[in-house]
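K.L.:
Sharing a structure with you now.
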Amino acid sequence: MRDNSSTALVPTVTRAALGSSARLDPELTSALREQLRAVAVHTIAAVMAEVPEYAGALSGRMGANVENAVQMALAGFLRLASRGRRVDASTPLSPALEGAYALGRGEARDGRSADALLAAYRVGARVAWRELSATAVQNGASAESLASFAELVFAYIDELSAASVAGHADELASSTRQRERDLRQLALALVAGEPADALLAAAARAEWAPPVTLTAILLPEAQVRPVLTQLDPRTLAAVVERDADAEALAVLLVPDLPPAGRAALVRTLAGRHAVLGPTRPWLRVHASYARARRAVDPTGRVDVLDTEQHLVPLVLAADPEALDDLRARTLAPLDGLRPATAEKLRDTLRAWLLHHGRRDEVAAALFVHPQTVRYRMGQLRERFGDRLDDPDTVLELTLALALPSR
């Protein structure tokens, strides 16, 4: 649908210029009408020759259609000129203007710029005036009527070109909005893990060339725009969660992020409470999104988190209840101790596991004397017995003590 807000001022300018009271002689009008086809042909040839964007574009069937449109526009002008009265809202310019508006939209769809369209109008106006005025002179038009005729010709062309530019702008705005919607839908389909054929169709619909890989970033919606300006233009963006009590959460899908660029991206995200997922093949980016989503800090205290640097906590936190059960079972020998004593023994056992039993290193990590470590390990062996030498028990204790208890 046409957006009239972009063209509302056009008629007030051009209709004033079209307000000439000059009237073409019926014989002259008839002579000019006989020249319309030739004028249209010469106009199209000049446009193709002088405007590079139209070189070879107006030939064949398309050329015939454009030639017919030019003739219709010129015929509309002659009808207007033959009336010899002022132009007001009742003057039937609509068919010509709607045709020019549709032309502008079509040129935008074909990828030609508004500058090229206006250049075509300038060339067309020059050729049309040259040929129509020559016919007018041959038919004895006076200098005064020729001047009024010129004013009317160029005012009419201005009106048509303004309508075409409005159509061009409206088409660009409409197509841009539609493509933005298609890109958002593609992003949501990707993080949802839809089937490959659906994703390929969505990418084609959005005119988005799939990269080799994608990397998911989760961040507050308010941070999307400033971050996007620093990323690959092919980056997809969409809001994935809205909560009345919290800021909306958005996802960015960054194409073909090189390993060396990851650190730079983390620096870009600094201060934005963002979570960076792993890089995955583009059809599997939902896995990157899922990992980033699990790592989001609901408190908003985390500045920026790269999940690749926090794999162990992510693995251990994947099933919090299972981790709690593992802790309860493996650390059961410490049940019944005073909380402070149990905490010291847990800390010692954790350091002992991480440092492979090297007493001096354990003591340094705990800021205690090596003899204190020896004493505490004696207490632990009394409670755990030979299980501290069992690989399965060591694995379970390592996992149970890897993260602080909740």
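Chain lettering (A, B, ...) mirrors the order of the structure tokens, residue numbering begins at 1 for each chain separately, and ligand numbering begins at 1 in order of display.
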Taking 3 positions as the minimum chain separation for residues in the same chain, which residues sit within 10 Å of segment 40-55 of chain A when counting only C-alpha atoms? Answer as a VMD selection string.
P.N.:
chain A and resid 35 to 37 58 to 59 63 to 64 66 to 74 111 to 113 115 to 128 131
K.L.:
For Ala204 of chain A, which residue among A:Asp325, A:Glu221, A:Asp297, A:Asp182 is the nearest when counting only C-alpha atoms?
P.N.:
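Distance minimum relative to Ala204 of chain A lands on A:Asp182.
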K.L.:
Give me, please, the distance in Å between atom CA of Gly193 of chain A and atom CA of Ala287 of chain A, quoted to one decimal.
P.N.:
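Interatomic distance, atom CA of Gly193 of chain A to atom CA of Ala287 of chain A: 8.1 Å.
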K.L.:
Skipping near chain neighbours, those fewer than 3 positions away, what residues fall within 8 Å of Leu132 of chain A using only C-alpha atoms, listed as a list in words?
P.N.:
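Contacts, with the query itself left out: Leu32, Gln35, Val39, Ala128, Trp129, Thr135 and Ala136 of chain A.
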K.L.:
Can I get the selected residues back with N, CA, C and O atoms, as a PDB file, in the first residue's frame?
P.N.:
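Ended up saving to again14.pdb:
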ATOM      1  N   LEU A  32       0.709  16.746 -32.392  1.00  0.00           N
ATOM      2  CA  LEU A  32       1.563  16.216 -31.326  1.00  0.00           C
ATOM      3  C   LEU A  32       1.210  14.776 -31.004  1.00  0.00           C
ATOM      4  O   LEU A  32       2.101  13.942 -30.774  1.00  0.00           O
ATOM      5  N   GLN A  35       2.853  12.225 -33.029  1.00  0.00           N
ATOM      6  CA  GLN A  35       4.287  12.049 -32.800  1.00  0.00           C
ATOM      7  C   GLN A  35       4.602  11.208 -31.554  1.00  0.00           C
ATOM      8  O   GLN A  35       5.766  10.914 -31.281  1.00  0.00           O
ATOM      9  N   VAL A  39       8.209   9.826 -30.327  1.00  0.00           N
ATOM     10  CA  VAL A  39       8.820  10.453 -29.154  1.00  0.00           C
ATOM     11  C   VAL A  39       9.146   9.388 -28.099  1.00  0.00           C
ATOM     12  O   VAL A  39      10.223   9.394 -27.493  1.00  0.00           O
ATOM     13  N   ALA A 128      11.708  14.541 -24.958  1.00  0.00           N
ATOM     14  CA  ALA A 128      10.293  14.811 -25.229  1.00  0.00           C
ATOM     15  C   ALA A 128      10.072  16.284 -25.570  1.00  0.00           C
ATOM     16  O   ALA A 128       9.355  16.619 -26.528  1.00  0.00           O
ATOM     17  N   TRP A 129      10.694  17.173 -24.804  1.00  0.00           N
ATOM     18  CA  TRP A 129      10.526  18.604 -25.085  1.00  0.00           C
ATOM     19  C   TRP A 129      11.104  18.972 -26.448  1.00  0.00           C
ATOM     20  O   TRP A 129      10.503  19.717 -27.221  1.00  0.00           O
ATOM     21  N   THR A 135       7.698  20.045 -33.193  1.00  0.00           N
ATOM     22  CA  THR A 135       6.390  19.884 -33.851  1.00  0.00           C
ATOM     23  C   THR A 135       5.530  21.133 -33.638  1.00  0.00           C
ATOM     24  O   THR A 135       4.831  21.590 -34.555  1.00  0.00           O
ATOM     25  N   ALA A 136       5.586  21.697 -32.430  1.00  0.00           N
ATOM     26  CA  ALA A 136       4.796  22.897 -32.136  1.00  0.00           C
ATOM     27  C   ALA A 136       5.253  24.063 -33.008  1.00  0.00           C
ATOM     28  O   ALA A 136       4.426  24.809 -33.557  1.00  0.00           O
TER      29      ALA A 136
END
K.L.:
Find, counting only C-alpha atoms, the residue in A:Asp25, A:Val304, A:Thr235, A:Pro320 that gets nearest to Arg267 of chain A.
P.N.:
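Closest residue, counting only C-alpha atoms: A:Val304.
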K.L.:
Name the closest residue to Leu345 of chain A among the candidates A:Ala365, A:Val165, A:Ala222, A:Leu380; distances are taken between atoms, counting only C-alpha atoms.
P.N.:
A:Leu380
K.L.:
Using DSSP on the backbone, list every residue of segment 200-254 of chain A that comes out as strand (DSSP E or B), and give them as a list in words.
P.N.:
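Taking segment 200-254 of chain A and keeping strand (DSSP E or B) only, one gets Thr213, Leu214, Thr215, Ala216, Ile217, Leu218, Leu219, Pro220, Leu236, Ala237, Ala238, Val239, Val240, Glu241, Arg242, Asp243, Ala246, Glu247, Ala248, Leu249, Ala250, Val251, Leu252, Leu253 and Val254 of chain A.
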K.L.:
So which residues touch segment 169-181 of chain A within 12 Å, counting only C-alpha atoms, skipping near sequence neighbours fewer than 4 positions away, as a ChimeraX atom specification?
P.N.:
/A:1-7,101-115,117,162-165,185-188,202-208,234-239
